[in-house]
Every structure is written in structure tokens, then in C-alpha cells.
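Printed here is run-v2.txt (compact mmCIF, C-alpha atoms):
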# COMPACT_ATOMS: atom_id res chain seq x y z
CA MET L 1 1.34 -45.45 -26.87
CA THR L 2 4.90 -46.20 -25.87
CA ALA L 3 7.19 -43.65 -24.29
CA VAL L 4 9.65 -41.81 -26.51
CA ARG L 5 13.15 -42.81 -25.50
CA THR L 6 15.95 -40.29 -25.68
CA PRO L 7 19.61 -41.35 -25.91
CA THR L 8 21.36 -41.13 -22.57
CA ALA L 9 23.94 -38.82 -24.16
CA TYR L 10 21.43 -36.01 -24.21
CA PRO L 11 20.82 -34.13 -20.95
CA SER L 12 17.42 -34.60 -19.34
CA THR L 13 15.40 -32.77 -16.73
CA LEU L 14 14.05 -34.34 -13.56
CA ILE L 15 10.61 -34.82 -15.10
CA GLU L 16 12.09 -36.32 -18.26
CA GLU L 17 14.16 -38.75 -16.22
CA TRP L 18 11.03 -39.80 -14.32
CA LEU L 19 9.23 -40.47 -17.60
CA ASP L 20 12.19 -42.51 -18.86
CA ARG L 21 12.53 -44.55 -15.68
CA THR L 22 8.82 -45.35 -15.51
CA GLY L 23 8.56 -46.02 -19.24
CA LEU L 24 5.43 -43.89 -19.42
CA SER L 25 4.43 -41.65 -22.29
CA ALA L 26 3.58 -38.07 -21.40
CA GLN L 27 -0.08 -38.80 -22.10
CA ARG L 28 -0.24 -41.80 -19.76
CA ALA L 29 1.73 -39.98 -17.09
CA THR L 30 -0.72 -37.08 -17.31
CA VAL L 31 -3.68 -39.42 -16.79
CA ILE L 32 -1.98 -41.16 -13.86
CA VAL L 33 -1.12 -37.87 -12.15
CA THR L 34 -4.26 -35.83 -12.80
CA LEU L 35 -7.03 -38.44 -12.64
CA PRO L 36 -6.60 -39.05 -8.87
CA GLN L 37 -6.70 -35.27 -8.34
CA LEU L 38 -10.00 -34.99 -10.17
CA ALA L 39 -11.42 -37.95 -8.28
CA PHE L 40 -10.30 -36.48 -4.94
CA LEU L 41 -11.89 -33.14 -5.87
CA LEU L 42 -15.25 -34.75 -6.62
CA VAL L 43 -15.14 -36.89 -3.47
CA ALA L 44 -14.12 -33.91 -1.33
CA ALA L 45 -16.94 -31.79 -2.70
CA TYR L 46 -19.38 -34.64 -2.09
CA LEU L 47 -18.18 -35.30 1.49
CA GLU L 48 -18.48 -31.63 2.35
CA GLY L 49 -21.98 -31.50 0.91
CA VAL L 50 -21.15 -28.76 -1.56
CA LEU L 51 -21.06 -30.77 -4.77
CA ALA L 52 -24.40 -29.45 -6.01
CA GLU L 53 -24.23 -26.07 -4.28
CA THR L 54 -20.95 -25.08 -5.88
CA ALA L 55 -21.83 -26.06 -9.41
CA SER L 56 -20.88 -22.63 -10.68
CA ILE L 57 -18.49 -21.97 -13.51
CA GLY L 58 -16.19 -19.87 -11.33
CA PHE L 59 -15.77 -22.53 -8.64
CA TRP L 60 -14.96 -25.42 -10.97
CA ARG L 61 -12.74 -23.30 -13.16
CA SER L 62 -10.60 -22.36 -10.15
CA ALA L 63 -10.70 -25.89 -8.74
CA LEU L 64 -9.52 -27.43 -12.00
CA MET L 65 -6.59 -25.03 -12.38
CA PHE L 66 -4.17 -27.25 -10.42
CA PRO L 67 -4.64 -30.47 -12.43
CA GLY L 68 -4.95 -28.41 -15.62
CA ILE L 69 -1.58 -26.69 -15.21
CA THR L 70 0.00 -29.97 -14.02
CA ALA L 71 -1.23 -31.72 -17.16
CA TYR L 72 0.11 -28.84 -19.28
CA ILE L 73 3.58 -29.16 -17.73
CA ILE L 74 3.81 -32.93 -18.28
CA LEU L 75 2.37 -32.89 -21.80
CA THR L 76 4.69 -30.14 -23.05
CA GLU L 77 7.83 -31.71 -21.59
CA PRO L 78 8.50 -34.03 -24.58
CA VAL L 79 8.15 -31.09 -26.97
CA GLY L 80 10.78 -29.12 -25.06
CA ARG L 81 13.03 -32.18 -25.03
CA ARG L 82 12.86 -32.65 -28.79
CA LEU L 83 13.59 -28.97 -29.43
CA ARG L 84 16.54 -28.99 -27.00
CA ASN L 85 18.03 -32.15 -28.52
CA ALA L 86 17.69 -30.63 -32.00
CA ALA L 87 19.58 -27.57 -30.72
CA ILE L 88 22.37 -29.81 -29.44
CA ASP L 89 22.51 -31.59 -32.80
CA ALA L 90 22.79 -28.19 -34.52
CA LEU L 91 25.79 -27.27 -32.36
CA ARG L 92 27.50 -30.62 -32.84
CA PRO L 93 29.21 -29.86 -36.22
CA LEU L 94 30.79 -26.72 -34.75
CA VAL L 95 32.64 -28.56 -31.98
CA PRO L 96 35.98 -29.88 -33.32
CA VAL L 97 35.94 -33.26 -31.53
CA ASP L 98 34.92 -36.77 -32.51
CA ASP L 99 31.58 -38.26 -31.54
CA ASP L 100 32.88 -40.11 -28.49
CA GLU L 101 34.54 -37.00 -27.12
CA PHE L 102 31.38 -35.00 -27.77
CA LEU L 103 29.37 -37.48 -25.72
CA ARG L 104 31.92 -37.20 -22.92
CA LEU L 105 31.65 -33.42 -23.18
CA LEU L 106 27.90 -33.59 -22.67
CA ALA L 107 28.33 -35.87 -19.68
CA ARG L 108 31.13 -33.78 -18.17
CA GLU L 109 29.22 -30.49 -18.38
CA PRO L 110 25.61 -31.41 -17.50
CA LEU L 111 22.99 -28.75 -18.08
CA PHE L 112 20.77 -29.83 -15.22
CA ASN L 113 21.59 -30.18 -11.56
CA ARG L 114 19.36 -32.71 -9.81
CA ARG L 115 19.96 -31.19 -6.40
CA ARG L 116 18.85 -27.75 -7.56
CA GLU L 117 15.85 -29.19 -9.35
CA CYS L 118 14.75 -31.07 -6.23
CA MET L 119 15.28 -28.03 -4.02
CA SER L 120 13.28 -25.85 -6.40
CA MET L 121 10.52 -28.44 -6.43
CA VAL L 122 10.37 -28.43 -2.62
CA PHE L 123 10.40 -24.64 -2.59
CA GLY L 124 7.66 -24.50 -5.20
CA ALA L 125 5.53 -26.94 -3.19
CA ALA L 126 6.00 -24.78 -0.08
CA VAL L 127 4.58 -21.78 -1.95
CA VAL L 128 1.11 -23.30 -1.74
CA LEU L 129 1.15 -22.76 2.03
CA PHE L 130 1.08 -19.03 1.34
CA PHE L 131 -1.39 -19.32 -1.53
CA ARG L 132 -4.82 -19.61 0.11
CA PRO L 133 -7.59 -18.56 -2.26
CA TRP L 134 -10.07 -21.01 -0.71
CA GLN L 135 -9.87 -20.10 2.97
CA SER L 136 -13.66 -20.13 3.27
CA LEU L 137 -14.03 -23.62 1.83
CA PRO L 138 -14.52 -26.76 3.96
CA SER L 139 -11.58 -28.80 5.17
CA TRP L 140 -11.59 -31.57 2.54
CA LEU L 141 -11.42 -29.02 -0.25
CA THR L 142 -8.58 -27.31 1.58
CA VAL L 143 -6.72 -30.63 1.65
CA TYR L 144 -7.28 -30.91 -2.10
CA GLN L 145 -5.93 -27.38 -2.56
CA VAL L 146 -2.78 -28.12 -0.57
CA LEU L 147 -2.02 -31.46 -2.24
CA ALA L 148 -2.83 -30.48 -5.84
CA GLY L 149 -1.29 -27.03 -5.43
CA ALA L 150 1.90 -28.43 -3.94
CA LEU L 151 2.31 -30.77 -6.91
CA MET L 152 1.65 -28.02 -9.45
CA PHE L 153 3.94 -25.43 -7.86
CA GLY L 154 6.60 -28.08 -7.28
CA LEU L 155 6.64 -29.00 -10.96
CA LEU L 156 6.70 -25.32 -11.88
CA GLY L 157 9.69 -24.71 -9.62
CA SER L 158 11.60 -27.57 -11.23
CA ILE L 159 10.73 -26.37 -14.74
CA VAL L 160 11.80 -22.78 -14.04
CA VAL L 161 15.21 -23.86 -12.71
CA SER L 162 15.84 -26.32 -15.53
CA SER L 163 14.82 -23.82 -18.24
CA LEU L 164 17.16 -21.20 -16.80
CA ALA L 165 19.98 -23.73 -16.56
CA ALA L 166 19.46 -24.79 -20.17
CA THR L 167 20.35 -21.28 -21.36
CA ARG L 168 23.99 -22.24 -20.70
CA LEU L 169 23.89 -24.72 -23.59
CA GLY L 170 27.23 -24.59 -25.41
CA ALA L 171 28.53 -21.69 -23.31
CA GLY L 172 31.71 -23.48 -22.25
CA TRP L 173 32.39 -25.37 -25.47
CA SER L 174 35.35 -24.66 -27.70
CA VAL L 175 34.16 -24.33 -31.27
CA ALA L 176 36.17 -24.49 -34.47
CA GLU L 177 37.53 -21.18 -35.69
CA ASP L 178 37.26 -22.10 -39.38
CA ILE L 179 33.45 -21.95 -39.34
CA ASN L 180 31.80 -21.09 -42.63
CA VAL L 181 29.81 -18.00 -41.71
CA PHE L 182 27.28 -18.78 -44.44
CA GLU L 183 26.45 -22.08 -42.74
CA LEU L 184 25.46 -20.48 -39.44
CA GLN L 185 21.83 -20.56 -40.56
CA ARG L 186 21.97 -24.23 -39.57
CA LEU L 187 21.78 -22.99 -35.98
CA GLN L 188 18.09 -22.12 -36.38
CA PRO L 189 17.04 -25.14 -34.24
CA ILE L 190 18.53 -23.25 -31.29
CA ALA L 191 16.18 -20.35 -32.01
CA ARG L 192 13.22 -22.73 -32.31
CA TRP L 193 14.16 -24.28 -28.96
CA SER L 194 14.34 -20.82 -27.36
CA LEU L 195 10.98 -19.97 -28.92
CA GLY L 196 9.57 -23.18 -27.46
CA ASN L 197 10.78 -22.19 -23.99
CA ALA L 198 9.21 -18.75 -24.29
CA MET L 199 5.94 -20.14 -25.60
CA PHE L 200 5.83 -22.62 -22.71
CA TYR L 201 5.73 -19.70 -20.28
CA ILE L 202 3.25 -17.74 -22.38
CA GLY L 203 1.03 -20.80 -22.76
CA GLY L 204 1.10 -21.36 -19.01
CA ILE L 205 0.16 -17.74 -18.37
CA THR L 206 -2.73 -17.95 -20.83
CA LEU L 207 -3.99 -21.22 -19.38
CA SER L 208 -3.89 -19.89 -15.83
CA LEU L 209 -5.86 -16.82 -16.87
CA LEU L 210 -8.52 -19.00 -18.45
CA PHE L 211 -8.83 -21.02 -15.25
CA LEU L 212 -8.83 -18.04 -12.93
CA GLY L 213 -11.29 -16.10 -15.03
CA ARG L 214 -10.04 -12.71 -13.92
CA PHE L 215 -10.68 -10.55 -16.93
CA ALA L 216 -10.58 -7.04 -15.46
CA LEU L 217 -8.01 -4.98 -17.30
CA ASP L 218 -6.90 -2.98 -14.28
CA LEU L 219 -3.43 -1.57 -13.73
CA LEU L 220 -2.27 -4.46 -11.52
CA ASN L 221 -3.30 -7.15 -14.00
CA VAL L 222 -1.71 -5.28 -16.89
CA ALA L 223 1.51 -4.95 -14.86
CA ILE L 224 1.53 -8.68 -14.06
CA TYR L 225 0.90 -9.52 -17.71
CA GLY L 226 3.73 -7.23 -18.76
CA VAL L 227 6.21 -8.70 -16.28
CA LEU L 228 5.41 -12.32 -17.16
CA THR L 229 5.52 -11.80 -20.91
CA SER L 230 8.75 -9.83 -20.53
CA ALA L 231 10.18 -12.80 -18.64
CA ALA L 232 9.23 -15.03 -21.60
CA VAL L 233 11.10 -12.67 -23.95
CA VAL L 234 14.15 -12.80 -21.65
CA VAL L 235 14.01 -16.60 -21.74
CA PHE L 236 13.83 -16.46 -25.55
CA PHE L 237 16.97 -14.36 -25.95
CA SER L 238 18.85 -15.97 -23.04
CA GLY L 239 18.62 -19.37 -24.74
CA MET L 240 20.43 -17.96 -27.76
CA ARG L 241 22.97 -15.80 -25.94
CA SER L 242 25.94 -18.14 -26.32
CA THR L 243 24.97 -18.87 -29.94
CA HIS L 244 24.74 -15.13 -30.63
CA ARG L 245 28.24 -14.69 -29.24
CA LEU L 246 29.50 -17.56 -31.39
CA MET L 247 27.94 -16.12 -34.56
CA LEU L 248 29.26 -12.65 -33.78
CA GLN L 249 32.80 -13.95 -33.22
CA ALA L 250 32.67 -15.93 -36.45
CA LYS L 251 31.59 -12.83 -38.38
CA GLU L 252 34.30 -10.72 -36.77
CA ARG L 253 36.99 -13.29 -37.63
CA GLU L 254 35.80 -13.43 -41.23
CA LEU L 255 35.67 -9.64 -41.52
CA GLU L 256 39.20 -9.39 -40.12
CA ARG L 257 40.37 -11.88 -42.74
CA VAL L 258 38.65 -9.88 -45.47
CA SER L 259 40.18 -6.66 -44.12
CA ARG L 260 43.68 -8.14 -44.25
CA THR L 261 43.08 -9.37 -47.78
CA LEU L 262 41.83 -5.95 -48.91
CA ALA L 263 44.79 -4.23 -47.29
CA ALA L 264 47.23 -6.57 -49.02
CA ALA L 265 45.47 -6.06 -52.35
CA SER L 266 45.59 -2.28 -51.91
CA ARG L 267 49.33 -2.41 -51.28
CA ALA L 268 49.83 -4.65 -54.29
CA LEU L 269 47.84 -2.21 -56.44
CA LYS L 270 50.23 0.59 -55.54
CA GLU L 271 53.30 -1.55 -56.18
CA ARG L 272 52.26 -2.97 -59.56
CA GLY L 273 53.09 -0.83 -62.56
CA ASP L 274 51.65 -3.13 -65.18
CA ARG L 275 48.15 -2.01 -66.21
CA ALA L 276 46.90 -5.56 -66.75
CA GLU L 277 48.01 -6.58 -63.26
CA GLN L 278 46.35 -3.49 -61.80
CA MET L 279 43.11 -4.33 -63.58
CA GLY L 280 43.21 -7.87 -62.16
CA ILE L 281 43.79 -6.50 -58.65
CA LEU L 282 40.93 -4.02 -59.04
CA ILE L 283 38.55 -6.82 -60.05
CA ASN L 284 39.75 -8.86 -57.09
CA LEU L 285 39.20 -5.85 -54.77
CA ALA L 286 35.65 -5.40 -56.07
CA LEU L 287 34.87 -9.07 -55.45
CA TRP L 288 36.24 -8.92 -51.93
CA ARG L 289 34.28 -5.71 -51.24
CA THR L 290 31.09 -7.48 -52.33
CA TYR L 291 31.95 -10.45 -50.16
CA GLU L 292 32.63 -8.14 -47.20
CA LYS L 293 29.19 -6.55 -47.60
CA GLN L 294 27.55 -9.98 -47.70
CA VAL L 295 29.29 -11.00 -44.47
CA GLU L 296 28.30 -7.73 -42.75
CA GLU L 297 24.65 -8.36 -43.65
CA LEU L 298 24.62 -11.84 -42.13
CA PRO L 299 22.45 -12.08 -38.98
CA ASP L 300 24.00 -12.09 -35.50
CA TRP L 301 21.17 -14.18 -34.02
CA PRO L 302 19.96 -17.60 -35.21
CA TYR L 303 16.28 -16.70 -35.33
CA THR L 304 14.42 -15.92 -38.54
CA ASP L 305 11.69 -13.37 -39.21
CA GLU L 306 9.13 -16.18 -38.96
CA ILE L 307 10.38 -17.18 -35.51
CA ARG L 308 10.32 -13.56 -34.36
CA ARG L 309 6.76 -13.12 -35.63
CA SER L 310 5.71 -16.30 -33.83
CA LEU L 311 7.06 -14.88 -30.57
CA LEU L 312 5.26 -11.56 -31.06
CA VAL L 313 1.96 -13.25 -31.88
CA SER L 314 2.23 -15.63 -28.92
CA MET L 315 2.74 -12.66 -26.59
CA LEU L 316 -0.81 -11.57 -27.42
CA LEU L 317 -2.35 -14.83 -26.17
CA PRO L 318 -2.59 -13.79 -22.49
CA LEU L 319 -4.16 -10.51 -23.55
CA ALA L 320 -6.69 -12.46 -25.60
CA ALA L 321 -7.41 -14.60 -22.54
CA TYR L 322 -8.34 -11.38 -20.73
CA VAL L 323 -10.32 -9.65 -23.44
CA VAL L 324 -12.16 -12.37 -25.38
CA PRO L 325 -14.08 -13.95 -22.46
CA ALA L 326 -15.00 -10.51 -21.14
CA LEU L 327 -16.36 -9.45 -24.52
CA ALA L 328 -18.19 -12.75 -24.96
CA LEU L 329 -19.77 -12.37 -21.52
CA GLU L 330 -20.79 -8.80 -22.27
CA VAL L 331 -22.41 -9.81 -25.56
CA LEU L 332 -24.20 -12.72 -23.88
CA GLN L 333 -25.56 -10.50 -21.13
CA ARG L 334 -26.86 -7.95 -23.63
CA LEU L 335 -28.56 -10.69 -25.64
CA LEU L 336 -30.21 -12.16 -22.55
CA LEU L 337 -31.30 -8.83 -21.12
CA SER L 338 -32.47 -7.32 -24.36
CA PRO L 339 -36.29 -7.13 -24.71
Serialized structure, C-alpha cells:
Amino acid sequence: MTAVRTPTAYPSTLIEEWLDRTGLSAQRATVIVTLPQLAFLLVAAYLEGVLAETASIGFWRSALMFPGITAYIILTEPVGRRLRNAAIDALRPLVPVDDDEFLRLLAREPLFNRRRECMSMVFGAAVVLFFRPWQSLPSWLTVYQVLAGALMFGLLGSIVVSSLAATRLGAGWSVAEDINVFELQRLQPIARWSLGNAMFYIGGITLSLLFLGRFALDLLNVAIYGVLTSAAVVVFFSGMRSTHRLMLQAKERELERVSRTLAAASRALKERGDRAEQMGILINLALWRTYEKQVEELPDWPYTDEIRRSLLVSMLLPLAAYVVPALALEVLQRLLLSP
């Protein structure tokens, strides 16, 4: 499978640029990155003489978390790229410049800062030094933990910074003031991109819970779940903040225009003495009142009810990762222990 090429006019993250430069598809890159980790894990367990002794579900589930999350990050990157590029394409008709100038605008105001992405990757990799869940394990497995954990946390750091930076999309652009407010529904790709960002975080949370296998619904775990899912919701709305402001300004401009028209028609109604002219003005007033109500009812955000429902349903995935395995284990234990 060949790599999906993205036009250089579109902004790209550090991981996306690496995929482009190497010419690798996300699937091949995942195999190249994670297969050596799995091989090192097996060799380390064999060298330490614990390969057979540690053949428990809990051990391997925790050990496979690092390559699992790493694979998840790489595989979902092209999806985020397609959604972001579609959001840029949705904003393009609103910017009153020609195509060449629009490309220069994208290049002049880059979304992603390579220096910050690299620094966040280094910082994320350093986190693993303080994350020591395997202190009792032999040295080769500790080496695996440090190397695989540094890669995973490094990629996570880069992704977090780039996703936060991407919320500035279109914030500094000058858009046309003669926007048709009834065409703002075309901005829905921005909402789908924001939903994709939120679901990336929620999916990562769910996957990590499945690997860790900590299913106790205590106060601390519930608090962590609440904070992380709340962060995903913040990411969802932050990605649409500038678009929300644009839609709100467009509605306000249109309502001001309608208000001026209604005021002028009201004055004309008082000035006209002819009954036929008054009747024509009254009909015109009624039409403008109906139009005003339609504009007021237009949404201020680009998301639809379907997108909002998708976000709400996805927020339940981490909770399901807690509850479902615990219930399945309880049922299995009762079946095995029952006479």
C-alpha cells in the first residue's frame, strides 16, 4: 500500500511530515516501529528467564500497552489529517482571496511549530523516567520499559501540542463580510474534524484502560475519567471556536441588515397615505419578519445533532472499558465456581 500524499499547501504535523519524507503508509510505519518493540520484549523476557513464568494476562497486557498506544497514534494520524484538510477546504470559500494568495496565507501562518513539537516530544519521552510501574522486574524488561515508554510518551507529547495548536485554524484570517448565512452549514467539516480530535483522545483513554486492566470504579479512577473526558470535550469545542465566532458575526451582520430594513419599512408605512402602498409595505414587513426569525434560528456552531450525539456516545467508551471487563470477569468466576 502506498503512502497517501498530501499537497504541501496543507499544514502537517511532525509525524505526518515523517510519513511523507519516508514515503511510508501509516500501516507500514506502524509495523516498522512496533515490531522491533515486540521482538525486544520477547527477547528480554527470555533472557531474564521469565518468559514462561510471567505468562499471565495482566503482565502481557501491561507490557503491550506501549507498542499498542504507539500503533494507535500512527494509525490514526492519516484520519486526523484528512479531517483537518477537509476543514481547511470548507473555510476556503469564505476567504476573499485567490487560490495563490490562499496558499501563501497557509504558508505564512503555519498551524504547527516544529520547535514546539520537538520540545514536547522530548518532554514526553522524559516522563517515562518518572513512570516506573515495573520496578520489580529484571533489568532487560526495565530497558524495554524505558525505550518503548519514551517513544510512546514522546509521540503523545507531540500530538497534544499539535492538536492544541490546530485549534487556531482560521483565527487570524479575514473572511468576506457578504457571507450567505444559509450557506454556513458547509462548515460542518470543521465540526467533524473537531469530533475526530476529541475521539482520538477518548479512543486513547479507552485503549489504555483495556491494556492496564484497572477496572475498579473507585473515586480516583472516576475523577481521572472525568478529567480526561472533559479535556476531550474542551478539544471538541476549542477546534470550532473561531468558526463559532465567524458564524455568530455573520448572523449579527445579517440581523442588523434586517433590522435596518424593517425600520425603513416602518417609517415608509407611516409616511404613505395610499392604502395600496401601505398594503404592499405590510406584506414586505411580514416577509422580512419571517426572514428575521429564520436567521435567528440558524445555529451558532457548525456541528449537527448527529455529531453531538457521536461525541456523547464516544464519551461512554472509557466507562465501558471499566465496567464490561469487570462484569465479564465476575460472570466467568461465578460460572467456574458454581457447583
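Our summary of the geometry notes that CA of Ala87 (chain L) is positioned 5.0 Å from CA of Pro189 (chain L).
Going from CA of Gly204 (chain L) to CA of Met315 (chain L) covers 11.7 Å.
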For this session: Around the point (5.3, -18.1, -23.6), in the coordinates given by the file, pick out the residues reaching within 7 Å, counting all atoms listed in the file, and return them as an MDAnalysis selection string.
Result: chainID L and resid 197:203 229 232 314:315
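Nearest to Ile159 (chain L) of all the residues L:Ala264, L:Ile15, L:Val97, L:Ala90 is L:Ile15, counting only C-alpha atoms.
Using all atoms listed in the file, the nearest neighbour of Glu256 (chain L) within the list L:Pro11, L:Glu292, L:Leu106, L:Tyr46 is L:Glu292.
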Enumerate, in order of chain and increasing residue number, the residues of region 147-169 of chain L with an atom no farther than 12 Å from region 18-38 of chain L, each with its shortest atom pair and distance in Å to one decimal, counting all atoms listed in the file, as CSV.
residue,atom,partner,partner_atom,distance
L:Leu147,CA,L:Gln37,CA,8.6
L:Ala148,CA,L:Gln37,CA,6.6
L:Gly149,CA,L:Gln37,CA,10.3
L:Ala150,CA,L:Gln37,CA,11.8
L:Leu151,CA,L:Val33,CA,9.5
L:Met152,CA,L:Thr34,CA,10.4
L:Leu155,CA,L:Val33,CA,11.8
Problem set entry | Distance criterion (only C-alpha atoms): nearest to Ala191 (chain L) out of L:Glu48, L:Glu117, L:Glu306, L:Glu271 | L:Glu306
Problem set entry | Shortest interatomic distance to Leu47 (chain L) - which of L:Leu187, L:Leu141, L:Leu312, L:Leu169, counting only C-alpha atoms | L:Leu141
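Between CA of Leu285 (chain L) and CA of Lys251 (chain L) there is a distance of 19.4 Å.
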For this session: Name the closest residue to Leu298 (chain L) among the candidates L:Leu210, L:Ile205, L:Leu105, L:Leu184; distances are taken between atoms, counting only C-alpha atoms.
Result: L:Leu184
Exercise. For Gln145 (chain L), which residue among L:Ile190, L:Val161, L:Met247, L:Leu64 is the nearest when counting only C-alpha atoms?
Worked result: L:Leu64
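Once Arg260 (chain L) and its same-chain neighbours fewer than 5 positions away are set aside, L:Arg253, L:Glu254, L:Leu255, L:Ala265, L:Ser266, L:Arg267, L:Leu285, L:Trp288, L:Arg289, L:Glu292 remain within 12 Å of it when counting all atoms listed in the file.
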Using all atoms of region 103-117 of chain L that appear in the file, construct an axis-aligned enclosing box with 5 Å of padding on every side and provide its centre coordinates and edge lengths in Å, rounded to one decimal, as AutoDock Vina command-line options.
--center_x 23.9 --center_y -32.6 --center_z -16.1 --size_x 26.1 --size_y 19.7 --size_z 29.3
